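Reading through the structure tokens given below for one structure.
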2 protein chains.
Amino acid sequence: MINVLFAARDDRWETYKAPLKQAFSEAGLSVNLMREAAAEAVEYMVYAPNGPIADFRPYTNLKAVLNLWAGVEDVVGNETLKVPLCRMVDFGLTEGMVEWVVGHTLRHHLGIDAHIHGQDGVWRGGRVPPLARDRRVGILGLGALGQACAEALITLRFEVSGWSRTQKDIDGITCHSGESGLQEVLATSEILILLLPLTEGTTNTLNAETLAAMPRGAMIINPGRGPLIDDEALLDALDRGHIGHATLDVFRVEPLPPEHPFWAHRSVTVTPHIASETRPISASQVIAENVRRGEAGEPFVHVVDRKAGY
Amino acid sequence: MINVLFAARDDRWETYKAPLKQAFSEAGLSVNLMREAAAEAVEYMVYAPNGPIADFRPYTNLKAVLNLWAGVEDVVGNETLKVPLCRMVDFGLTEGMVEWVVGHTLRHHLGIDAHIHGQDGVWRGGRVPPLARDRRVGILGLGALGQACAEALITLRFEVSGWSRTQKDIDGITCHSGESGLQEVLATSEILILLLPLTEGTTNTLNAETLAAMPRGAMIINPGRGPLIDDEALLDALDRGHIGHATLDVFRVEPLPPEHPFWAHRSVTVTPHIASETRPISASQVIAENVRRGEAGEPFVHVVDRKAGY
């Protein structure tokens, strides 16, 4: 039996208990997964910031600390930690984002909502949507997530243009940068996807002026960050029908308060920050893989460079 | 100017007039597109069965007949037709089908309906769906359309199994055939897509017995043919919650009569036979390409072998 301590908060334990046990089992590992243990018995530690452990010195048989999150800023400087620290690189986060973005892009492209709302016995035939090859999709932000979404959309033959701070060069995508590049992408996007990081420069990227630059009836999908959009400006553009629909997964305040006008607006779909979550199942598989490697004497994956800090 | 006669019914003219003119223009062709013309002036004929023309002998300057549909059974035996006859192979039909199938598969996979119906101010966080790689999708029918859908779904990492009358071998898909193969696909499909041709052997492929073989809560997507499903058996399985949802694009009677229980059932989504239509825009591009070829002295595409009959 391999002794693994789950050193994160109770709510995480509820989420990860079952997926971790399944992942260990699928990896062929006999694991004793514990919430509490004598320090010297612990061989691997599943770790998250704000957990109970700050001093690693009593863990004399520890082989690795496996972080539950991508960020390690709260533990990387801990000088009592001498064994390898692995950060979470969750393939599920990217795949889940791609699935959510492609799903909602196709939903808007195909006009699926009209069918879901139109189960009234009236056969509205003959309204065939254009093909994806004739549908122009813009992506603001061409980092790992934006690029993965762009690639999935061009596989489905959407006409994709993208915008990033620094100029990118991606096969099959018209890449833009700079202020005039942003105008170009806005002006040609029937469906616009926001995947920019949140910085001072990207706050309110969609505001009254930039929304006005978009084609009438354009649809907006925001799985990036809430403050990328000026809420008031978006509501005004939706009220006037200039923007046709907005599907929003992230907000300035989360959970989105029940009185926020997005909830009641007939041209807004609110989803509860589900596009970009770390996935317990895939994250557990990453952790199990590192335990397997440790036991097999293979090098760990995603080991943090303690000097570089990530 | 190239003289093209549109020899199909008035309702088709309304649908095709604009896309044809645009396609000719995009192909750089100066075309005089006519509804009526002196027979000897006509160089190309856009043709559909049930149109006004049965005798081609007066069309002495005709270079080709360009059929609007894939089927040519009504014209292929016409002995007055001496010039090449081209059938329609509409890339838009396949692409549109793939988009519709992938869109509705992702809709069910992601549980999008719950969000569309749940805009009530309640933040239902934490319910992250599984990844596509953990979602088993079955496809009954691995012809051109079924195979194209399967390939798009495996690109998104869905776990796809398929069933066809004759055993197929397709990269990345678990292929089955025969009666036991059908049971295998049914038993493992959380989402099942019907793309079988309609024959005596495939009528009521989904019936009380085969529906019972599916996992509880499974979802069905039928863009194939209406009679592939026994409507009463499906309604019964939906009522009992054994089948979670059915999204149906095709029916035994179309338009689906307003009193049919599918319309009112909360676990059924009716779409009005839009998944597999020939697309006026892409079909017009195929026709324009053949006119361009004719004028450039290049061979036509999709020429019918008059002896083989297709």
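A note on labels: chains of the structure tokens are A, B, ... as shown, every chain counts residues from 1, and ligands are counted from 1 in their shown order.
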Open item on the list: Residues of chain A were defined as contacting chain B if any atom lay at most 8 Å from it, counting only C-alpha atoms; please report them as a PyMOL selection string.
Closed with: chain A and resi 92+95-96+99-100+102-104+106-107+110+113+115-116+119-128+130-132+152+155-156+255-259+263-264+269-274+277+279+281
- [ ] Using DSSP on the backbone coordinates, identify the residues of region 73-243 of chain A assigned to strand (DSSP E); present them as number ranges by chain.
- [x] A: 85-86, 136-140, 159-164, 174-177, 191-194, 218-222, 243
Residues near Thr80 (chain B), anyone? I mean within 7 Å using only C-alpha atoms, not counting same-chain ones fewer than 2 positions away, as a short mmCIF file (atom, residue, chain, number, x, y, z; two decimals) with N, CA, C and O atoms, in the first residue's frame.
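Here's the written file part.cif:
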```
data_model
loop_
_atom_site.label_atom_id
_atom_site.label_comp_id
_atom_site.auth_asym_id
_atom_site.auth_seq_id
_atom_site.Cartn_x
_atom_site.Cartn_y
_atom_site.Cartn_z
N ASP B 55 -38.44 17.24 -73.10
CA ASP B 55 -37.85 17.01 -74.43
C ASP B 55 -36.68 17.98 -74.63
O ASP B 55 -36.86 19.20 -74.70
N PHE B 56 -35.47 17.42 -74.71
CA PHE B 56 -34.28 18.27 -74.80
C PHE B 56 -33.90 18.60 -76.25
O PHE B 56 -32.98 19.36 -76.48
N ARG B 57 -34.64 18.01 -77.25
CA ARG B 57 -34.19 18.17 -78.64
C ARG B 57 -34.14 19.61 -79.13
O ARG B 57 -33.24 19.97 -79.88
N ASN B 78 -33.83 9.56 -70.19
CA ASN B 78 -34.43 10.41 -71.23
C ASN B 78 -33.56 10.39 -72.49
O ASN B 78 -32.44 10.94 -72.50
N LYS B 82 -28.70 14.35 -74.95
CA LYS B 82 -27.46 13.83 -75.56
C LYS B 82 -26.20 14.43 -74.94
O LYS B 82 -25.10 13.93 -75.18
#
```
- [ ] Report the residues of region 100-235 of chain B whose backbone DSSP state falls under helix (DSSP H, G or I), written as number ranges by chain.
- [x] B: 100-110, 112-117, 132-134, 144-155, 178-188, 208-212, 226-228, 231-235
Give me the residues within 12 Å of Glu295 (chain B) as a tab-separated table (two decimals) with N, CA and C atoms, in the first residue's frame, counting only C-alpha atoms and dropping any in the same chain fewer than 3 places off.
```
chain	number	residue	atom	x	y	z
B	1	MET	N	-21.67	36.87	-72.38
B	1	MET	CA	-22.67	36.37	-71.43
B	1	MET	C	-22.96	34.89	-71.73
B	2	ILE	N	-23.01	34.10	-70.66
B	2	ILE	CA	-23.33	32.69	-70.79
B	2	ILE	C	-24.81	32.52	-70.46
B	3	ASN	N	-25.55	31.87	-71.33
B	3	ASN	CA	-26.99	31.72	-71.13
B	3	ASN	C	-27.31	30.45	-70.34
B	27	ALA	N	-17.42	33.03	-59.14
B	27	ALA	CA	-16.60	32.22	-60.04
B	27	ALA	C	-16.08	33.03	-61.22
B	28	GLY	N	-16.41	34.33	-61.23
B	28	GLY	CA	-15.91	35.21	-62.30
B	28	GLY	C	-16.63	35.00	-63.62
B	29	LEU	N	-17.87	34.49	-63.55
B	29	LEU	CA	-18.62	34.19	-64.78
B	29	LEU	C	-19.68	35.26	-65.03
B	30	SER	N	-19.79	35.71	-66.28
B	30	SER	CA	-20.88	36.61	-66.65
B	30	SER	C	-22.02	35.76	-67.18
B	31	VAL	N	-23.04	35.61	-66.35
B	31	VAL	CA	-24.11	34.67	-66.68
B	31	VAL	C	-25.43	35.41	-66.84
B	43	GLU	N	-27.30	27.51	-73.10
B	43	GLU	CA	-26.01	26.80	-73.11
B	43	GLU	C	-25.91	25.80	-71.96
B	44	TYR	N	-26.45	26.15	-70.80
B	44	TYR	CA	-26.47	25.25	-69.65
B	44	TYR	C	-27.88	25.24	-69.06
B	63	LYS	N	-24.80	22.65	-73.62
B	63	LYS	CA	-23.50	22.03	-73.33
B	63	LYS	C	-23.57	21.03	-72.18
B	64	ALA	N	-24.49	21.24	-71.24
B	64	ALA	CA	-24.62	20.31	-70.12
B	64	ALA	C	-25.92	20.56	-69.38
B	288	ALA	N	-21.94	26.41	-60.39
B	288	ALA	CA	-21.08	27.44	-60.99
B	288	ALA	C	-19.73	26.85	-61.39
B	289	GLU	N	-19.21	25.94	-60.58
B	289	GLU	CA	-17.93	25.31	-60.89
B	289	GLU	C	-18.04	24.51	-62.19
B	290	ASN	N	-19.16	23.84	-62.41
B	290	ASN	CA	-19.31	23.07	-63.65
B	290	ASN	C	-19.47	23.99	-64.86
B	291	VAL	N	-20.17	25.11	-64.70
B	291	VAL	CA	-20.25	26.07	-65.81
B	291	VAL	C	-18.86	26.62	-66.13
B	292	ARG	N	-18.11	26.96	-65.06
B	292	ARG	CA	-16.75	27.45	-65.27
B	292	ARG	C	-15.91	26.43	-66.04
B	298	GLU	N	-12.56	22.43	-69.47
B	298	GLU	CA	-12.14	21.38	-68.53
B	298	GLU	C	-13.28	20.37	-68.38
B	299	PRO	N	-12.95	19.13	-67.98
B	299	PRO	CA	-14.02	18.14	-67.81
B	299	PRO	C	-14.98	18.52	-66.67
B	300	PHE	N	-16.26	18.21	-66.85
B	300	PHE	CA	-17.24	18.45	-65.79
B	300	PHE	C	-16.99	17.52	-64.60
```
Task: Shell around Asp11 (chain B) at 12 Å using only C-alpha atoms, local window under 5 positions removed, as an MDAnalysis selection string - done: (chainID A and resid 126) or (chainID B and resid 6 16:17 48 50:51)
Export of prior selection with all heavy atoms as a PDB file, in the first residue's frame:
```
ATOM      1  N   GLY A 126     -37.221  24.923 -43.729  1.00  0.00           N
ATOM      2  CA  GLY A 126     -36.625  25.745 -44.773  1.00  0.00           C
ATOM      3  C   GLY A 126     -35.651  26.797 -44.299  1.00  0.00           C
ATOM      4  O   GLY A 126     -35.020  27.455 -45.121  1.00  0.00           O
TER       5      GLY A 126
ATOM      6  N   PHE B   6     -32.832  28.188 -65.829  1.00  0.00           N
ATOM      7  CA  PHE B   6     -33.214  27.528 -64.580  1.00  0.00           C
ATOM      8  C   PHE B   6     -34.524  26.790 -64.817  1.00  0.00           C
ATOM      9  O   PHE B   6     -35.599  27.386 -64.807  1.00  0.00           O
ATOM     10  CB  PHE B   6     -33.369  28.550 -63.452  1.00  0.00           C
ATOM     11  CG  PHE B   6     -33.550  27.921 -62.096  1.00  0.00           C
ATOM     12  CD1 PHE B   6     -32.450  27.560 -61.327  1.00  0.00           C
ATOM     13  CD2 PHE B   6     -34.815  27.673 -61.584  1.00  0.00           C
ATOM     14  CE1 PHE B   6     -32.608  26.975 -60.069  1.00  0.00           C
ATOM     15  CE2 PHE B   6     -34.979  27.083 -60.332  1.00  0.00           C
ATOM     16  CZ  PHE B   6     -33.871  26.734 -59.584  1.00  0.00           C
ATOM     17  N   TYR B  16     -33.129  29.521 -55.103  1.00  0.00           N
ATOM     18  CA  TYR B  16     -31.816  29.426 -55.745  1.00  0.00           C
ATOM     19  C   TYR B  16     -31.385  30.669 -56.509  1.00  0.00           C
ATOM     20  O   TYR B  16     -30.205  30.809 -56.848  1.00  0.00           O
ATOM     21  CB  TYR B  16     -31.781  28.200 -56.674  1.00  0.00           C
ATOM     22  CG  TYR B  16     -31.494  26.928 -55.911  1.00  0.00           C
ATOM     23  CD1 TYR B  16     -32.519  26.161 -55.364  1.00  0.00           C
ATOM     24  CD2 TYR B  16     -30.183  26.518 -55.688  1.00  0.00           C
ATOM     25  CE1 TYR B  16     -32.258  25.015 -54.641  1.00  0.00           C
ATOM     26  CE2 TYR B  16     -29.910  25.373 -54.973  1.00  0.00           C
ATOM     27  CZ  TYR B  16     -30.947  24.619 -54.448  1.00  0.00           C
ATOM     28  OH  TYR B  16     -30.668  23.498 -53.729  1.00  0.00           O
ATOM     29  N   LYS B  17     -32.328  31.559 -56.811  1.00  0.00           N
ATOM     30  CA  LYS B  17     -32.027  32.736 -57.632  1.00  0.00           C
ATOM     31  C   LYS B  17     -30.805  33.495 -57.097  1.00  0.00           C
ATOM     32  O   LYS B  17     -29.803  33.657 -57.796  1.00  0.00           O
ATOM     33  CB  LYS B  17     -33.276  33.635 -57.641  1.00  0.00           C
ATOM     34  CG  LYS B  17     -33.207  34.834 -58.516  1.00  0.00           C
ATOM     35  CD  LYS B  17     -34.597  35.489 -58.647  1.00  0.00           C
ATOM     36  CE  LYS B  17     -35.253  35.735 -57.285  1.00  0.00           C
ATOM     37  NZ  LYS B  17     -36.517  36.474 -57.390  1.00  0.00           N
ATOM     38  N   ALA B  48     -34.241  20.200 -62.423  1.00  0.00           N
ATOM     39  CA  ALA B  48     -34.780  19.372 -61.344  1.00  0.00           C
ATOM     40  C   ALA B  48     -35.972  18.613 -61.891  1.00  0.00           C
ATOM     41  O   ALA B  48     -36.671  19.093 -62.774  1.00  0.00           O
ATOM     42  CB  ALA B  48     -35.191  20.229 -60.160  1.00  0.00           C
ATOM     43  N   ASN B  50     -39.745  17.173 -62.184  1.00  0.00           N
ATOM     44  CA  ASN B  50     -41.004  17.890 -62.014  1.00  0.00           C
ATOM     45  C   ASN B  50     -40.930  19.309 -62.572  1.00  0.00           C
ATOM     46  O   ASN B  50     -41.802  20.120 -62.314  1.00  0.00           O
ATOM     47  CB  ASN B  50     -41.451  17.961 -60.539  1.00  0.00           C
ATOM     48  CG  ASN B  50     -41.417  16.603 -59.882  1.00  0.00           C
ATOM     49  OD1 ASN B  50     -41.778  15.621 -60.514  1.00  0.00           O
ATOM     50  ND2 ASN B  50     -40.952  16.542 -58.658  1.00  0.00           N
ATOM     51  N   GLY B  51     -39.860  19.606 -63.281  1.00  0.00           N
ATOM     52  CA  GLY B  51     -39.771  20.903 -63.941  1.00  0.00           C
ATOM     53  C   GLY B  51     -40.507  20.842 -65.270  1.00  0.00           C
ATOM     54  O   GLY B  51     -41.133  19.830 -65.604  1.00  0.00           O
TER      55      GLY B  51
END
```
Open item on the list: Give me, as a count of residues only, all polymer residues having an atom no more than 10 Å from region 231-239 of chain A, counting only C-alpha atoms and skipping those fewer than 2 positions away in the same chain.
Closed with: 32
